[in-house]
Each structure stands twice: as structure tokens, then as C-alpha cells.
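**Student:** File input34.cif follows (mmCIF, C-alpha atoms):
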```cif
data_query
#
loop_
_atom_site.group_PDB
_atom_site.id
_atom_site.type_symbol
_atom_site.label_atom_id
_atom_site.label_comp_id
_atom_site.auth_asym_id
_atom_site.auth_seq_id
_atom_site.Cartn_x
_atom_site.Cartn_y
_atom_site.Cartn_z
ATOM 1 C CA MET A 1 -45.261 -15.570 9.226
ATOM 2 C CA ALA A 2 -42.517 -17.425 7.398
ATOM 3 C CA LYS A 3 -38.909 -16.607 8.047
ATOM 4 C CA GLN A 4 -37.145 -14.917 5.205
ATOM 5 C CA PRO A 5 -33.744 -16.324 4.307
ATOM 6 C CA ARG A 6 -30.907 -14.164 5.538
ATOM 7 C CA LYS A 7 -29.006 -12.426 2.818
ATOM 8 C CA THR A 8 -25.343 -12.854 3.614
ATOM 9 C CA ASP A 9 -22.399 -11.932 1.502
ATOM 10 C CA PRO A 10 -20.428 -15.126 0.848
ATOM 11 C CA ASP A 11 -17.485 -13.077 -0.319
ATOM 12 C CA LEU A 12 -17.247 -10.979 2.839
ATOM 13 C CA LEU A 13 -13.973 -12.576 3.935
ATOM 14 C CA ALA A 14 -12.597 -12.355 0.404
ATOM 15 C CA ARG A 15 -13.446 -8.642 0.260
ATOM 16 C CA LEU A 16 -11.873 -8.112 3.690
ATOM 17 C CA TRP A 17 -8.691 -9.839 2.514
ATOM 18 C CA GLN A 18 -8.633 -7.806 -0.724
ATOM 19 C CA ASP A 19 -9.045 -4.574 1.233
ATOM 20 C CA MET A 20 -6.202 -5.550 3.570
ATOM 21 C CA VAL A 21 -3.897 -6.359 0.641
ATOM 22 C CA LEU A 22 -4.933 -3.130 -1.098
ATOM 23 C CA SER A 23 -4.216 -1.156 2.077
ATOM 24 C CA VAL A 24 -0.719 -2.624 2.393
ATOM 25 C CA ARG A 25 0.051 -1.905 -1.265
ATOM 26 C CA LEU A 26 -1.238 1.655 -0.990
ATOM 27 C CA LEU A 27 0.733 2.143 2.216
ATOM 28 C CA MET A 28 3.936 1.132 0.408
ATOM 29 C CA ASP A 29 3.244 3.274 -2.672
ATOM 30 C CA ARG A 30 5.247 6.507 -2.625
ATOM 31 C CA ARG A 31 2.631 8.333 -4.675
ATOM 32 C CA VAL A 32 0.176 8.208 -1.756
ATOM 33 C CA GLY A 33 0.512 11.287 0.416
ATOM 34 C CA GLY A 34 1.681 11.344 3.997
ATOM 35 C CA THR A 35 -1.603 12.667 5.368
ATOM 36 C CA ALA A 36 -3.449 9.600 4.063
ATOM 37 C CA LYS A 37 -0.784 7.363 5.608
ATOM 38 C CA LEU A 38 -1.468 8.918 9.011
ATOM 39 C CA ILE A 39 -4.805 7.085 9.209
ATOM 40 C CA PRO A 40 -3.289 3.566 9.562
ATOM 41 C CA ALA A 41 -0.760 4.932 12.061
ATOM 42 C CA ILE A 42 -3.529 6.429 14.206
ATOM 43 C CA VAL A 43 -5.543 3.193 14.026
ATOM 44 C CA LEU A 44 -2.476 1.188 15.043
ATOM 45 C CA LEU A 45 -1.823 3.520 17.974
ATOM 46 C CA TYR A 46 -5.443 3.138 19.089
ATOM 47 C CA LEU A 47 -5.285 -0.647 18.868
ATOM 48 C CA LEU A 48 -2.042 -0.796 20.845
ATOM 49 C CA SER A 49 -3.000 1.795 23.457
ATOM 50 C CA PRO A 50 -4.456 0.698 26.787
ATOM 51 C CA VAL A 51 -7.223 3.301 26.420
ATOM 52 C CA ASP A 52 -10.332 1.874 24.755
ATOM 53 C CA LEU A 53 -13.870 2.999 24.049
ATOM 54 C CA ILE A 54 -15.105 -0.337 25.390
ATOM 55 C CA PRO A 55 -12.601 -2.186 27.597
ATOM 56 C CA GLU A 56 -11.626 -5.770 26.796
ATOM 57 C CA ALA A 57 -13.108 -6.795 30.164
ATOM 58 C CA PHE A 58 -16.444 -6.911 28.331
ATOM 59 C CA LEU A 59 -15.036 -9.605 26.054
ATOM 60 C CA PRO A 60 -17.246 -9.718 22.999
ATOM 61 C CA LEU A 61 -17.923 -5.979 22.905
ATOM 62 C CA GLY A 62 -14.331 -4.967 23.645
ATOM 63 C CA ILE A 63 -12.961 -7.046 20.794
ATOM 64 C CA LEU A 64 -15.734 -5.955 18.409
ATOM 65 C CA ASP A 65 -14.921 -2.347 19.226
ATOM 66 C CA ASP A 66 -11.275 -2.849 18.170
ATOM 67 C CA PHE A 67 -12.297 -4.773 15.050
ATOM 68 C CA GLY A 68 -14.726 -2.002 14.095
ATOM 69 C CA VAL A 69 -12.052 0.665 14.501
ATOM 70 C CA PHE A 70 -9.714 -1.447 12.344
ATOM 71 C CA LEU A 71 -12.329 -1.827 9.576
ATOM 72 C CA LEU A 72 -13.335 1.840 9.635
ATOM 73 C CA GLY A 73 -9.707 2.962 9.611
ATOM 74 C CA MET A 74 -8.825 0.664 6.723
ATOM 75 C CA ARG A 75 -11.828 1.861 4.704
ATOM 76 C CA ALA A 76 -11.054 5.528 5.486
ATOM 77 C CA PHE A 77 -7.440 5.032 4.396
ATOM 78 C CA ILE A 78 -8.445 3.380 1.109
ATOM 79 C CA LEU A 79 -10.956 6.132 0.332
ATOM 80 C CA SER A 80 -8.458 8.892 1.210
ATOM 81 C CA THR A 81 -5.931 7.741 -1.399
ATOM 82 C CA PRO A 82 -5.979 9.161 -4.951
ATOM 83 C CA ALA A 83 -8.612 7.406 -7.050
ATOM 84 C CA ASP A 84 -6.317 6.713 -10.016
ATOM 85 C CA ILE A 85 -3.696 4.986 -7.862
ATOM 86 C CA ARG A 86 -6.370 2.987 -6.035
ATOM 87 C CA ARG A 87 -7.916 1.948 -9.365
ATOM 88 C CA GLU A 88 -4.514 0.731 -10.627
ATOM 89 C CA TYR A 89 -4.279 -1.745 -7.780
ATOM 90 C CA GLN A 90 -7.952 -2.733 -7.866
ATOM 91 C CA GLU A 91 -7.811 -3.503 -11.588
ATOM 92 C CA GLY A 92 -4.669 -5.539 -11.106
ATOM 93 C CA ARG A 93 -2.452 -3.283 -13.201
ATOM 94 C CA THR A 94 1.165 -3.033 -12.205
ATOM 95 C CA PRO A 95 1.933 0.537 -11.160
ATOM 96 C CA ASP A 96 4.593 2.433 -13.059
ATOM 97 C CA ARG A 97 7.687 1.922 -10.895
ATOM 98 C CA GLU A 98 9.365 5.138 -12.066
ATOM 99 C CA LYS A 99 6.353 7.161 -10.929
ATOM 100 C CA SER A 100 6.234 5.430 -7.567
ATOM 101 C CA ARG A 101 9.912 6.123 -6.891
ATOM 102 C CA ARG A 102 9.569 9.867 -7.063
ATOM 103 C CA ALA A 103 6.878 12.324 -7.934
ATOM 104 C CA PRO A 104 7.831 14.411 -10.974
ATOM 105 C CA ASP A 105 8.294 18.087 -10.331
ATOM 106 C CA GLU A 106 7.994 20.809 -12.947
ATOM 107 C CA ASP A 107 11.690 20.686 -13.882
ATOM 108 C CA THR A 108 11.869 16.962 -14.548
ATOM 109 C CA ALA A 109 8.353 16.372 -15.905
ATOM 110 C CA ASN A 110 9.096 17.488 -19.476
ATOM 111 C CA ARG A 111 12.783 16.596 -19.629
ATOM 112 C CA PRO A 112 13.744 13.457 -21.599
ATOM 113 C CA LEU A 113 15.131 10.522 -19.647
ATOM 114 C CA GLU A 114 18.884 10.406 -19.229
ATOM 115 C CA GLY A 115 20.981 7.350 -20.014
ATOM 116 C CA PRO A 116 20.318 4.566 -22.486
ATOM 117 C CA GLN A 117 16.821 4.298 -23.889
ATOM 118 C CA GLN A 118 14.904 1.022 -24.004
ATOM 119 C CA ASN A 119 16.011 0.111 -27.544
ATOM 120 C CA GLU A 120 19.705 0.822 -26.930
ATOM 121 C CA PRO A 121 21.929 -1.961 -25.589
ATOM 122 C CA HIS A 122 23.494 -1.509 -22.182
ATOM 123 C CA VAL A 123 27.246 -1.393 -22.756
ATOM 124 C CA ILE A 124 29.876 -0.830 -20.109
ATOM 125 C CA GLU A 125 33.284 0.071 -21.462
ATOM 126 C CA GLY A 126 36.450 -0.504 -19.511
ATOM 127 C CA SER A 127 39.806 -2.202 -19.407
ATOM 128 C CA PHE A 128 41.049 -5.124 -17.368
ATOM 129 C CA ARG A 129 44.241 -6.821 -16.445
ATOM 130 C CA VAL A 130 44.726 -10.418 -15.319
ATOM 131 C CA ARG A 131 46.801 -10.619 -12.178
ATOM 132 C CA GLU A 132 48.709 -13.634 -11.042
ATOM 133 C CA ARG A 133 48.749 -14.462 -7.355
ATOM 134 C CA ASP A 134 52.437 -13.537 -7.133
ATOM 135 C CA GLU A 135 51.755 -9.923 -8.242
ATOM 136 C CA GLU A 136 49.611 -9.146 -5.175
#
```
Before anything else, please render the file you have as C-alpha cells.
**Tutor:**
Amino acid sequence: MAKQPRKTDPDLLARLWQDMVLSVRLLMDRRVGGTAKLIPAIVLLYLLSPVDLIPEAFLPLGILDDFGVFLLGMRAFILSTPADIRREYQEGRTPDREKSRRAPDEDTANRPLEGPQQNEPHVIEGSFRVRERDEE
């Protein structure tokens, strides 16, 4: 019986890197809820705690156990975030910075923006006086 070639994913490391970058970006986005952000915190606590499912004394298995928890936690965090926000980052679109600063509530959602609009020039009015060093 002839050996079948192993099907490996050559982009496995690239996908892992993309998921890590996506996780960091989602973690920093203010539109992602606090309950979703608890997942990375719990994974970090598990990785830093001395309590393990498989101790590091069993070297290959102990490290694989931590790596598996890291991968599962990262995947769970990504999947627990809102799909539209996740899609923004996956498609490479820049998220709307105003939305990420604060979530609109009912009072501010329909109210027009205050201050100068995009087409208006930014002008600061004021007066000034030149002081000589002797006046100080």
C-alpha cells in the first residue's frame, strides 16, 4: 500500500499570526463588549497560574496543553465578538474611529454632530500681544 502524501496547510503560521493580530485589534476596540474581553483575561490567568491540566514536568505534553488552551481561547474570543466588527478587521477596512470611541445611545444617535463640519474650515479666533522681555 502506497503512502498518501500528507495534506498540510502551508499557511498555518500565517493564519495563526492573522488571528493573533485580529485578537489584539478586537481587544483594543471599544465596540467589543466586556464579556467577550473576559475570555483573553481568563486564558492569560490560566497560562500564568501554577495550576495546570498537564504539568510542565511532562515537557512536550505540558507545553502542548498550554498552547492548546491559548489557541482555543483566541478562537473563542474571535468568535464571541460581533460579526460586523470582526468582518471590518478581516476585510482590512479601517473601523470608524468615532464609533469605536463611544457607543451611540438613543439621545445622541439621531442628533447632528456639533462643531465644524468636514467642509467648513477650522478657524480659531483670538487676540494676541507681543511682549518684550522687560515687561515680564
**Student:** Evaluate the PyMOL selection byres ((chain A and resi 86) around 12) here and jot the selected residues down as a list in words.
**Tutor:**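 Checking the PyMOL selection byres ((chain A and resi 86) around 12) against this file, the residues are Asp19, Val21, Leu22, Ser23, Val24, Arg25, Leu26, Leu27, Asp29, Arg31, Val32, Phe77, Ile78, Leu79, Ser80, Thr81, Pro82, Ala83, Asp84, Ile85, Arg87, Glu88, Tyr89, Gln90, Glu91, Gly92, Arg93, Thr94 and Pro95 of chain A.
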**Student:** Residues of the last selection are to be written out with C-alpha atoms, as a PDB file, in the coordinates of the input.
**Tutor:**
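Below is the file that was written, result38.pdb:
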```pdb
ATOM      1  CA  ASP A  19      -9.045  -4.574   1.233  1.00  0.00           C
ATOM      2  CA  VAL A  21      -3.897  -6.359   0.641  1.00  0.00           C
ATOM      3  CA  LEU A  22      -4.933  -3.130  -1.098  1.00  0.00           C
ATOM      4  CA  SER A  23      -4.216  -1.156   2.077  1.00  0.00           C
ATOM      5  CA  VAL A  24      -0.719  -2.624   2.393  1.00  0.00           C
ATOM      6  CA  ARG A  25       0.051  -1.905  -1.265  1.00  0.00           C
ATOM      7  CA  LEU A  26      -1.238   1.655  -0.990  1.00  0.00           C
ATOM      8  CA  LEU A  27       0.733   2.143   2.216  1.00  0.00           C
ATOM      9  CA  ASP A  29       3.244   3.274  -2.672  1.00  0.00           C
ATOM     10  CA  ARG A  31       2.631   8.333  -4.675  1.00  0.00           C
ATOM     11  CA  VAL A  32       0.176   8.208  -1.756  1.00  0.00           C
ATOM     12  CA  PHE A  77      -7.440   5.032   4.396  1.00  0.00           C
ATOM     13  CA  ILE A  78      -8.445   3.380   1.109  1.00  0.00           C
ATOM     14  CA  LEU A  79     -10.956   6.132   0.332  1.00  0.00           C
ATOM     15  CA  SER A  80      -8.458   8.892   1.210  1.00  0.00           C
ATOM     16  CA  THR A  81      -5.931   7.741  -1.399  1.00  0.00           C
ATOM     17  CA  PRO A  82      -5.979   9.161  -4.951  1.00  0.00           C
ATOM     18  CA  ALA A  83      -8.612   7.406  -7.050  1.00  0.00           C
ATOM     19  CA  ASP A  84      -6.317   6.713 -10.016  1.00  0.00           C
ATOM     20  CA  ILE A  85      -3.696   4.986  -7.862  1.00  0.00           C
ATOM     21  CA  ARG A  87      -7.916   1.948  -9.365  1.00  0.00           C
ATOM     22  CA  GLU A  88      -4.514   0.731 -10.627  1.00  0.00           C
ATOM     23  CA  TYR A  89      -4.279  -1.745  -7.780  1.00  0.00           C
ATOM     24  CA  GLN A  90      -7.952  -2.733  -7.866  1.00  0.00           C
ATOM     25  CA  GLU A  91      -7.811  -3.503 -11.588  1.00  0.00           C
ATOM     26  CA  GLY A  92      -4.669  -5.539 -11.106  1.00  0.00           C
ATOM     27  CA  ARG A  93      -2.452  -3.283 -13.201  1.00  0.00           C
ATOM     28  CA  THR A  94       1.165  -3.033 -12.205  1.00  0.00           C
ATOM     29  CA  PRO A  95       1.933   0.537 -11.160  1.00  0.00           C
TER      30      PRO A  95
END
```
**Student:** Adding 3 Å on each side of the box along x, y and z that holds all listed atoms of stretch 70-77 of chain A, could you give its centre and edge lengths in Å to one decimal, as AutoDock Vina command-line options?
**Tutor:**
```
--center_x -10.4 --center_y 1.9 --center_z 8.4 --size_x 11.9 --size_y 13.4 --size_z 13.9
```
**Student:** Between atom CA of A:Pro40 and atom CA of A:Pro60, what is the distance in Å, rounded to a tenth?
**Tutor:**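 About the pair atom CA of A:Pro40 and atom CA of A:Pro60: they are 23.5 Å apart.
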**Student:** Considering all atoms listed in the file, return as a list in words whatever protein or nucleic-acid residues lie within 12 Å of A:Ile42, sequence-local ones (same chain, fewer than 3 positions apart) excluded.
**Tutor:**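 These residues fall inside the cut-off: Thr35, Ala36, Lys37, Leu38, Ile39, Leu45, Tyr46, Leu47, Leu48, Ser49, Val69, Phe70, Leu72, Gly73, Met74, Ala76 and Phe77 of chain A.
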**Student:** Would you mind reading off the distance between atom CA of A:Arg75 and atom CA of A:Met20, one decimal, in Å?
**Tutor:**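 Between atom CA of A:Arg75 and atom CA of A:Met20 the gap works out to 9.4 Å.
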**Student:** Applying 9 Å and all atoms listed in the file, which residues near A:Asp66 remain after dropping the ones on its own chain fewer than 5 positions away? List them as a list in words.
**Tutor:**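 Listing them by chain and then by number gives Tyr46, Leu47, Asp52, Leu53, Ile54, Leu61 and Leu71 of chain A.
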**Student:** For the selection just defined, write its residues with C-alpha atoms to a file, as a CSV table (one decimal), in the frame of the given file.
**Tutor:**
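Generated output (out-v6.csv):
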```csv
chain,number,residue,atom,x,y,z
A,46,TYR,CA,-5.4,3.1,19.1
A,47,LEU,CA,-5.3,-0.6,18.9
A,52,ASP,CA,-10.3,1.9,24.8
A,53,LEU,CA,-13.9,3.0,24.0
A,54,ILE,CA,-15.1,-0.3,25.4
A,61,LEU,CA,-17.9,-6.0,22.9
A,71,LEU,CA,-12.3,-1.8,9.6
```
**Student:** Could you state the separation of atom CA of A:Leu59 and atom CA of A:Trp17 in Å, given to one decimal place?
**Tutor:** 24.4 Å
